>>> print(open('query.txt').read())   # compact mmCIF, C-alpha atoms and all ligand atoms
# COMPACT_ATOMS: atom_id res chain seq x y z
CA MET A 165 31.81 160.89 9.34
CA LYS A 166 28.12 160.04 9.63
CA ASP A 167 28.87 156.42 10.51
CA ILE A 168 31.51 157.38 13.05
CA ALA A 169 29.24 159.89 14.81
CA HIS A 170 26.53 157.24 14.88
CA PHE A 171 28.92 154.73 16.47
CA ILE A 172 30.06 157.21 19.13
CA ALA A 173 26.44 157.96 20.01
CA GLY A 174 25.90 154.19 20.15
CA PHE A 175 28.74 153.81 22.60
CA ARG A 176 27.19 156.49 24.82
CA ARG A 177 23.95 154.49 24.91
CA PHE A 178 25.89 151.31 25.70
CA GLN A 179 27.76 153.10 28.47
CA GLU A 180 24.52 154.40 30.00
CA LYS A 181 22.76 151.06 29.72
CA TYR A 182 25.46 148.80 31.10
CA PHE A 183 27.25 151.10 33.49
CA SER A 184 24.18 152.52 35.15
CA GLU A 185 21.65 149.70 34.89
CA ASP A 186 23.96 146.71 34.96
CA ARG A 187 26.88 147.80 37.09
CA GLU A 188 27.04 144.43 38.81
CA LEU A 189 27.83 142.69 35.51
CA PHE A 190 30.66 145.07 34.81
CA GLU A 191 32.00 144.81 38.34
CA GLN A 192 32.36 141.07 37.62
CA LEU A 193 33.78 141.55 34.14
CA ARG A 194 36.43 143.94 35.46
CA LEU A 195 37.94 140.94 37.23
CA GLY A 196 38.17 138.80 34.09
CA GLN A 197 36.18 136.83 31.56
CA ARG A 198 34.73 133.34 31.91
CA PRO A 199 32.77 132.68 28.73
CA ARG A 200 31.67 129.07 28.29
CA THR A 201 31.15 129.34 24.55
CA MET A 202 33.34 130.25 21.62
CA ILE A 203 31.84 131.26 18.27
CA VAL A 204 33.66 131.22 14.94
CA ALA A 205 31.71 133.57 12.69
CA CYS A 206 32.07 135.31 9.35
CA ALA A 207 33.33 138.89 9.08
CA ASP A 208 30.13 139.68 7.12
CA SER A 209 28.51 142.85 8.50
CA ARG A 210 25.09 141.15 8.64
CA VAL A 211 26.14 138.24 10.82
CA ASP A 212 27.09 139.63 14.21
CA PRO A 213 27.09 136.60 16.51
CA THR A 214 26.39 138.52 19.72
CA LEU A 215 23.51 140.43 18.13
CA LEU A 216 22.04 137.20 16.68
CA THR A 217 22.26 135.29 19.96
CA GLY A 218 21.45 138.07 22.38
CA ALA A 219 24.74 137.40 24.16
CA GLU A 220 25.81 139.85 26.84
CA PRO A 221 29.36 141.10 27.37
CA GLY A 222 31.37 138.21 28.80
CA ASP A 223 29.12 135.47 27.35
CA VAL A 224 30.97 134.47 24.17
CA PHE A 225 34.55 134.40 22.99
CA VAL A 226 34.39 135.30 19.31
CA VAL A 227 36.72 134.98 16.37
CA ARG A 228 35.54 136.26 13.00
CA ASN A 229 37.10 135.81 9.59
CA VAL A 230 36.16 135.55 5.93
CA ALA A 231 33.70 132.63 5.60
CA ASN A 232 33.98 131.54 9.26
CA LEU A 233 36.71 129.02 8.53
CA VAL A 234 38.86 126.99 10.89
CA PRO A 235 42.16 125.92 9.31
CA PRO A 236 43.46 122.45 10.15
CA HIS A 237 46.03 121.99 12.91
CA GLU A 238 49.39 122.75 11.41
CA PRO A 239 52.36 122.81 13.79
CA GLY A 240 54.51 125.86 13.18
CA GLY A 241 51.98 127.36 10.75
CA GLY A 242 52.51 131.12 10.11
CA PHE A 243 50.48 133.90 11.73
CA ALA A 244 47.73 131.67 12.99
CA SER A 245 44.90 133.90 14.19
CA VAL A 246 42.26 131.21 14.51
CA PRO A 247 44.52 128.56 16.12
CA ALA A 248 45.74 131.17 18.64
CA ALA A 249 42.14 132.04 19.53
CA LEU A 250 41.26 128.34 19.83
CA GLU A 251 44.26 127.66 22.03
CA PHE A 252 43.33 130.48 24.39
CA ALA A 253 39.62 129.64 24.45
CA VAL A 254 40.10 125.91 25.01
CA LEU A 255 43.21 125.69 27.18
CA SER A 256 42.95 128.90 29.22
CA LEU A 257 39.27 129.85 29.26
CA LYS A 258 38.16 126.19 29.11
CA VAL A 259 35.11 126.85 26.96
CA GLU A 260 32.59 124.00 26.80
CA HIS A 261 31.11 124.75 23.40
CA ILE A 262 32.48 125.86 20.04
CA ILE A 263 29.91 127.02 17.51
CA VAL A 264 30.89 127.43 13.86
CA LEU A 265 28.34 129.96 12.60
CA GLY A 266 27.98 130.05 8.83
CA HIS A 267 25.46 131.99 6.82
CA ALA A 268 23.60 132.39 3.53
CA GLN A 269 24.93 134.68 0.78
CA CYS A 270 28.49 134.36 2.06
CA GLY A 271 30.87 136.36 -0.13
CA GLY A 272 33.83 134.21 0.93
CA ILE A 273 32.10 130.99 -0.09
CA ASN A 274 30.95 132.62 -3.30
CA ALA A 275 34.61 133.47 -4.03
CA LEU A 276 35.51 129.84 -3.36
CA MET A 277 32.78 128.43 -5.63
CA SER A 278 33.39 130.88 -8.50
CA GLU A 279 37.17 130.94 -7.95
CA SER A 280 36.84 134.73 -8.12
CA GLY A 281 39.21 135.14 -5.19
CA ASN A 282 42.07 133.41 -6.96
CA GLY A 283 43.32 136.55 -8.66
CA GLY A 284 43.73 138.38 -5.35
CA GLU A 285 46.57 138.27 -2.91
CA PHE A 286 44.87 136.66 0.08
CA ILE A 287 41.21 135.65 -0.36
CA GLY A 288 41.66 132.73 -2.76
CA LYS A 289 44.26 131.08 -0.55
CA TRP A 290 42.26 131.67 2.62
CA VAL A 291 38.94 130.31 1.34
CA GLY A 292 40.88 127.37 -0.11
CA ILE A 293 40.70 125.97 3.44
CA ALA A 294 37.22 124.83 2.40
CA GLN A 295 38.29 123.44 -0.98
CA ARG A 296 36.99 119.99 -0.07
CA ALA A 297 33.54 121.46 0.59
CA ARG A 298 33.59 122.87 -2.94
CA GLU A 299 34.67 119.52 -4.38
CA ARG A 300 31.93 117.65 -2.47
CA VAL A 301 29.25 120.04 -3.71
CA LEU A 302 30.40 119.91 -7.34
CA ALA A 303 30.49 116.10 -7.17
CA ASP A 304 27.11 115.73 -5.42
CA LEU A 305 25.13 118.53 -7.10
CA PRO A 306 26.71 119.02 -10.54
CA ALA A 307 23.48 120.09 -12.24
CA LYS A 308 22.19 122.54 -9.61
CA SER A 309 22.17 126.30 -10.05
CA PRO A 310 25.14 128.32 -8.79
CA ALA A 311 22.91 129.71 -6.01
CA LEU A 312 21.98 126.25 -4.75
CA GLN A 313 25.56 125.06 -5.03
CA ALA A 314 26.73 128.10 -3.05
CA ARG A 315 24.19 127.37 -0.30
CA ALA A 316 25.28 123.73 -0.18
CA CYS A 317 28.91 124.84 -0.02
CA GLU A 318 28.19 127.32 2.81
CA GLN A 319 26.84 124.38 4.80
CA ALA A 320 29.54 121.92 3.69
CA ALA A 321 32.23 124.42 4.68
CA ILE A 322 30.81 124.50 8.23
CA LEU A 323 31.37 120.73 8.35
CA VAL A 324 34.93 121.16 7.06
CA SER A 325 35.59 123.58 9.91
CA LEU A 326 34.07 121.12 12.41
CA GLU A 327 36.32 118.38 11.00
CA ASN A 328 39.32 120.68 11.18
CA LEU A 329 38.54 121.50 14.82
CA MET A 330 38.97 117.80 15.55
CA THR A 331 42.54 117.90 14.16
CA TYR A 332 43.61 119.93 17.23
CA PRO A 333 44.57 117.21 19.72
CA TRP A 334 43.40 119.20 22.77
CA ILE A 335 39.99 119.74 21.15
CA ALA A 336 39.55 116.13 19.97
CA GLU A 337 40.43 114.86 23.44
CA ARG A 338 37.84 117.09 25.12
CA VAL A 339 35.14 116.26 22.57
CA ASP A 340 35.87 112.54 22.99
CA THR A 341 35.48 112.73 26.77
CA GLY A 342 32.31 114.83 26.50
CA ALA A 343 33.96 117.84 28.17
CA MET A 344 33.39 119.94 25.08
CA HIS A 345 30.78 120.04 22.31
CA LEU A 346 31.01 121.26 18.74
CA HIS A 347 28.06 122.81 16.92
CA GLY A 348 27.47 123.79 13.31
CA TRP A 349 24.96 126.61 12.86
CA TYR A 350 23.75 128.28 9.68
CA PHE A 351 22.04 131.66 9.62
CA ASP A 352 19.68 131.93 6.66
CA ILE A 353 19.60 135.68 6.09
CA ALA A 354 16.75 135.66 3.57
CA GLN A 355 14.45 133.56 5.80
CA GLY A 356 15.66 135.02 9.10
CA GLU A 357 16.11 131.46 10.36
CA LEU A 358 18.83 129.69 12.27
CA LEU A 359 19.59 126.09 11.31
CA SER A 360 21.68 123.57 13.18
CA TYR A 361 23.69 120.65 11.88
CA ASN A 362 22.19 117.34 12.97
CA PRO A 363 24.79 114.55 12.68
CA ALA A 364 22.02 111.91 12.77
CA LEU A 365 20.49 113.39 9.62
CA ASN A 366 23.80 114.54 8.17
CA GLY A 367 21.98 117.76 7.37
CA PHE A 368 20.86 121.11 8.72
CA GLU A 369 17.45 121.64 10.30
CA PRO A 370 15.74 124.54 12.10
CA ILE A 371 17.36 124.88 15.48
CA ARG A 372 15.56 123.58 18.53
CA ALA A 373 16.05 124.56 22.13
CA GLU A 374 18.03 121.39 22.75
CA ALA A 375 20.37 122.02 19.81
CA ALA A 376 22.20 118.95 18.62
CA ALA A 377 25.75 118.79 19.86
CA MET A 378 28.43 117.00 17.95
CA SER A 379 30.30 114.82 20.39
CA LYS A 380 31.88 111.40 20.53
CA GLY A 381 30.65 109.02 17.83
CA GLU A 382 28.65 111.70 16.05
CA SER A 383 31.40 113.43 14.18
CA SER A 384 30.55 114.41 10.66
CA GLY A 385 31.83 112.24 7.82
ZN ZN B 401 30.37 135.13 5.05
>>> encode(input="query.txt", output="structure tokens")
Amino acid sequence: MKDIAHFIAGFRRFQEKYFSEDRELFEQLRLGQRPRTMIVACADSRVDPTLLTGAEPGDVFVVRNVANLVPPHEPGGGFASVPAALEFAVLSLKVEHIIVLGHAQCGGINALMSESGNGGEFIGKWVGIAQRARERVLADLPAKSPALQARACEQAAILVSLENLMTYPWIAERVDTGAMHLHGWYFDIAQGELLSYNPALNGFEPIRAEAAAMSKGESSG
């Protein structure tokens, strides 16, 4: 119960901070949300997107899953948690940015690279969304250590998710007209650094204030 008591005390602090000091914000939020950014992040306990970005309540619409993956558009596809979140964020909330936030030491990507998830009921199939990232890494870096291959796959899987985002017609259309921008970010836990995908370099680099946006003509290959 230690964790639970800690979380309840944490909520009391949150309540005091936001409801006494920032009442105006919550008066606005009571009426609805208007976030301009959606983040797709990993379920990993170390990679909380609002904590990492300093976002306030109402700032970001978040979906988290194992290995921060976006499945491709698949009409009639099963219980589609990520597509449902995308549909709501893009068509109803009209977000202007979608950030796919990957990270170092990702257990989901490790399961994909080592195929250790394949014996389970769900993980192997889920992380298989990024199978082409695994294939690219094994083809491009066959002699590298498993750790370097995993890091390359964590980054390649972000690009797979960005590519998959473009298979949703209502996302592709908005990206093509410049109404929406896609971003690939990578949180390096060991270095405490945030990297951003730069389509011009076809690689990740330390993020700058004017973070590169992926828009028309810059989509990843
Ligand atoms: Zn992860």
>>> atom_distance(input="query.txt", atom1="atom CA of Gly356 of chain A", atom2="atom CA of Leu305 of chain A")
25.0 Å
>>> closest_atom_pairs(input="query.txt", of="chain A", to="ligand ZN 401 (chain B)", cutoff="6 Å", atoms="only C-alpha atoms and all ligand atoms", output="Markdown table")
| residue | atom | partner | partner_atom | distance |
| --- | --- | --- | --- | --- |
| A:Cys206 | CA | B:ZN401 | ZN | 4.6 |
| A:Asp208 | CA | B:ZN401 | ZN | 5.0 |
| A:Val230 | CA | B:ZN401 | ZN | 5.9 |
| A:Ala231 | CA | B:ZN401 | ZN | 4.2 |
| A:Cys270 | CA | B:ZN401 | ZN | 3.6 |
| A:Gly271 | CA | B:ZN401 | ZN | 5.3 |
| A:Gly272 | CA | B:ZN401 | ZN | 5.5 |
>>> write_last_selection(input="query.txt", atoms="C-alpha atoms", output="mmCIF file, in the coordinates of the input")
data_model
loop_
_atom_site.group_PDB
_atom_site.id
_atom_site.type_symbol
_atom_site.label_atom_id
_atom_site.label_comp_id
_atom_site.auth_asym_id
_atom_site.auth_seq_id
_atom_site.Cartn_x
_atom_site.Cartn_y
_atom_site.Cartn_z
ATOM 1 C CA CYS A 206 32.070 135.310 9.350
ATOM 2 C CA ASP A 208 30.130 139.680 7.120
ATOM 3 C CA VAL A 230 36.160 135.550 5.930
ATOM 4 C CA ALA A 231 33.700 132.630 5.600
ATOM 5 C CA CYS A 270 28.490 134.360 2.060
ATOM 6 C CA GLY A 271 30.870 136.360 -0.130
ATOM 7 C CA GLY A 272 33.830 134.210 0.930
#
>>> residues_near_point(input="query.txt", point="(24.6, 130.5, 12.2)", cutoff="10 Å", atoms="all atoms listed in the file", output="ChimeraX atom specification")
/A:203-206,211-213,216-217,232,263-268,319,322,347-353,357-361,371
>>> atom_distance(input="query.txt", atom1="atom CA of Glu188 of chain A", atom2="atom CA of Phe171 of chain A")
24.7 Å
>>> atom_distance(input="query.txt", atom1="atom CA of Asn229 of chain A", atom2="atom CA of Val324 of chain A")
15.0 Å
>>> closest_residue(input="query.txt", among="A:Ala249, A:Ala364, A:Val254, A:Leu189", to="Ala343 of chain A", atoms="all atoms listed in the file")
A:Val254
>>> axis_aligned_box(input="query.txt", around="segment 354-357 of chain A", padding_each_side="6 Å", output="JSON")
{"center_x": 15.6, "center_y": 133.6, "center_z": 7.0, "size_x": 14.3, "size_y": 16.2, "size_z": 18.8}
>>> closest_atom_pairs(input="query.txt", of="segment 175-206 of chain A", to="segment 219-226 of chain A", cutoff="7 Å", atoms="all atoms listed in the file", output="CSV")
residue,atom,partner,partner_atom,distance
A:Leu193,CA,A:Gly222,CA,6.7
A:Gln197,CA,A:Gly222,CA,5.7
A:Arg198,CA,A:Gly222,CA,6.7
A:Pro199,CA,A:Asp223,CA,4.8
A:Arg200,CA,A:Val224,CA,6.8
A:Thr201,CA,A:Val224,CA,5.1
A:Met202,CA,A:Phe225,CA,4.5
A:Ile203,CA,A:Val226,CA,4.9
A:Val204,CA,A:Val226,CA,6.0
>>> write_last_selection(input="query.txt", atoms="C-alpha atoms", output="CSV table (one decimal), in the frame of the given file")
chain,number,residue,atom,x,y,z
A,193,LEU,CA,33.8,141.6,34.1
A,197,GLN,CA,36.2,136.8,31.6
A,198,ARG,CA,34.7,133.3,31.9
A,199,PRO,CA,32.8,132.7,28.7
A,200,ARG,CA,31.7,129.1,28.3
A,201,THR,CA,31.2,129.3,24.6
A,202,MET,CA,33.3,130.2,21.6
A,203,ILE,CA,31.8,131.3,18.3
A,204,VAL,CA,33.7,131.2,14.9
>>> closest_residue(input="query.txt", among="A:Arg315, A:Arg298, A:Lys308, A:His345", to="Met277 of chain A", atoms="all atoms listed in the file")
A:Arg298
>>> closest_residue(input="query.txt", among="A:Trp334, A:Arg228, A:Cys317, A:Asp340", to="Ser256 of chain A", atoms="all atoms listed in the file")
A:Trp334
>>> build_atoms(input="query.txt", residues="segment 276-294 of chain A", atoms="N, CA and C atoms", output="tab-separated table (two decimals), keeping the file's coordinate frame")
chain	number	residue	atom	x	y	z
A	276	LEU	N	34.99	131.20	-3.25
A	276	LEU	CA	35.51	129.84	-3.36
A	276	LEU	C	34.85	129.10	-4.52
A	277	MET	N	33.52	129.17	-4.59
A	277	MET	CA	32.78	128.43	-5.63
A	277	MET	C	33.10	128.96	-7.03
A	278	SER	N	33.18	130.29	-7.17
A	278	SER	CA	33.39	130.88	-8.50
A	278	SER	C	34.87	131.05	-8.81
A	279	GLU	N	35.71	130.76	-7.84
A	279	GLU	CA	37.17	130.94	-7.95
A	279	GLU	C	37.51	132.40	-8.23
A	280	SER	N	36.61	133.31	-7.84
A	280	SER	CA	36.84	134.73	-8.12
A	280	SER	C	37.91	135.32	-7.19
A	281	GLY	N	38.20	134.60	-6.09
A	281	GLY	CA	39.21	135.14	-5.19
A	281	GLY	C	40.63	134.79	-5.61
A	282	ASN	N	40.74	133.93	-6.62
A	282	ASN	CA	42.07	133.41	-6.96
A	282	ASN	C	43.03	134.44	-7.53
A	283	GLY	N	42.46	135.52	-8.10
A	283	GLY	CA	43.32	136.55	-8.66
A	283	GLY	C	43.89	137.48	-7.60
A	284	GLY	N	43.30	137.46	-6.41
A	284	GLY	CA	43.73	138.38	-5.35
A	284	GLY	C	44.93	137.83	-4.59
A	285	GLU	N	45.36	138.63	-3.63
A	285	GLU	CA	46.57	138.27	-2.91
A	285	GLU	C	46.27	137.28	-1.78
A	286	PHE	N	45.11	137.43	-1.13
A	286	PHE	CA	44.87	136.66	0.08
A	286	PHE	C	43.60	135.80	0.07
A	287	ILE	N	42.52	136.30	-0.54
A	287	ILE	CA	41.21	135.65	-0.36
A	287	ILE	C	41.19	134.23	-0.91
A	288	GLY	N	41.71	134.05	-2.14
A	288	GLY	CA	41.66	132.73	-2.76
A	288	GLY	C	42.35	131.68	-1.90
A	289	LYS	N	43.51	132.04	-1.37
A	289	LYS	CA	44.26	131.08	-0.55
A	289	LYS	C	43.51	130.78	0.75
A	290	TRP	N	42.97	131.85	1.35
A	290	TRP	CA	42.26	131.67	2.62
A	290	TRP	C	41.03	130.77	2.45
A	291	VAL	N	40.17	131.10	1.49
A	291	VAL	CA	38.94	130.31	1.34
A	291	VAL	C	39.23	128.90	0.83
A	292	GLY	N	40.45	128.70	0.30
A	292	GLY	CA	40.88	127.37	-0.11
A	292	GLY	C	40.89	126.36	1.04
A	293	ILE	N	40.84	126.86	2.28
A	293	ILE	CA	40.70	125.97	3.44
A	293	ILE	C	39.48	125.06	3.25
A	294	ALA	N	38.46	125.60	2.59
A	294	ALA	CA	37.22	124.83	2.40
A	294	ALA	C	37.14	124.20	1.00
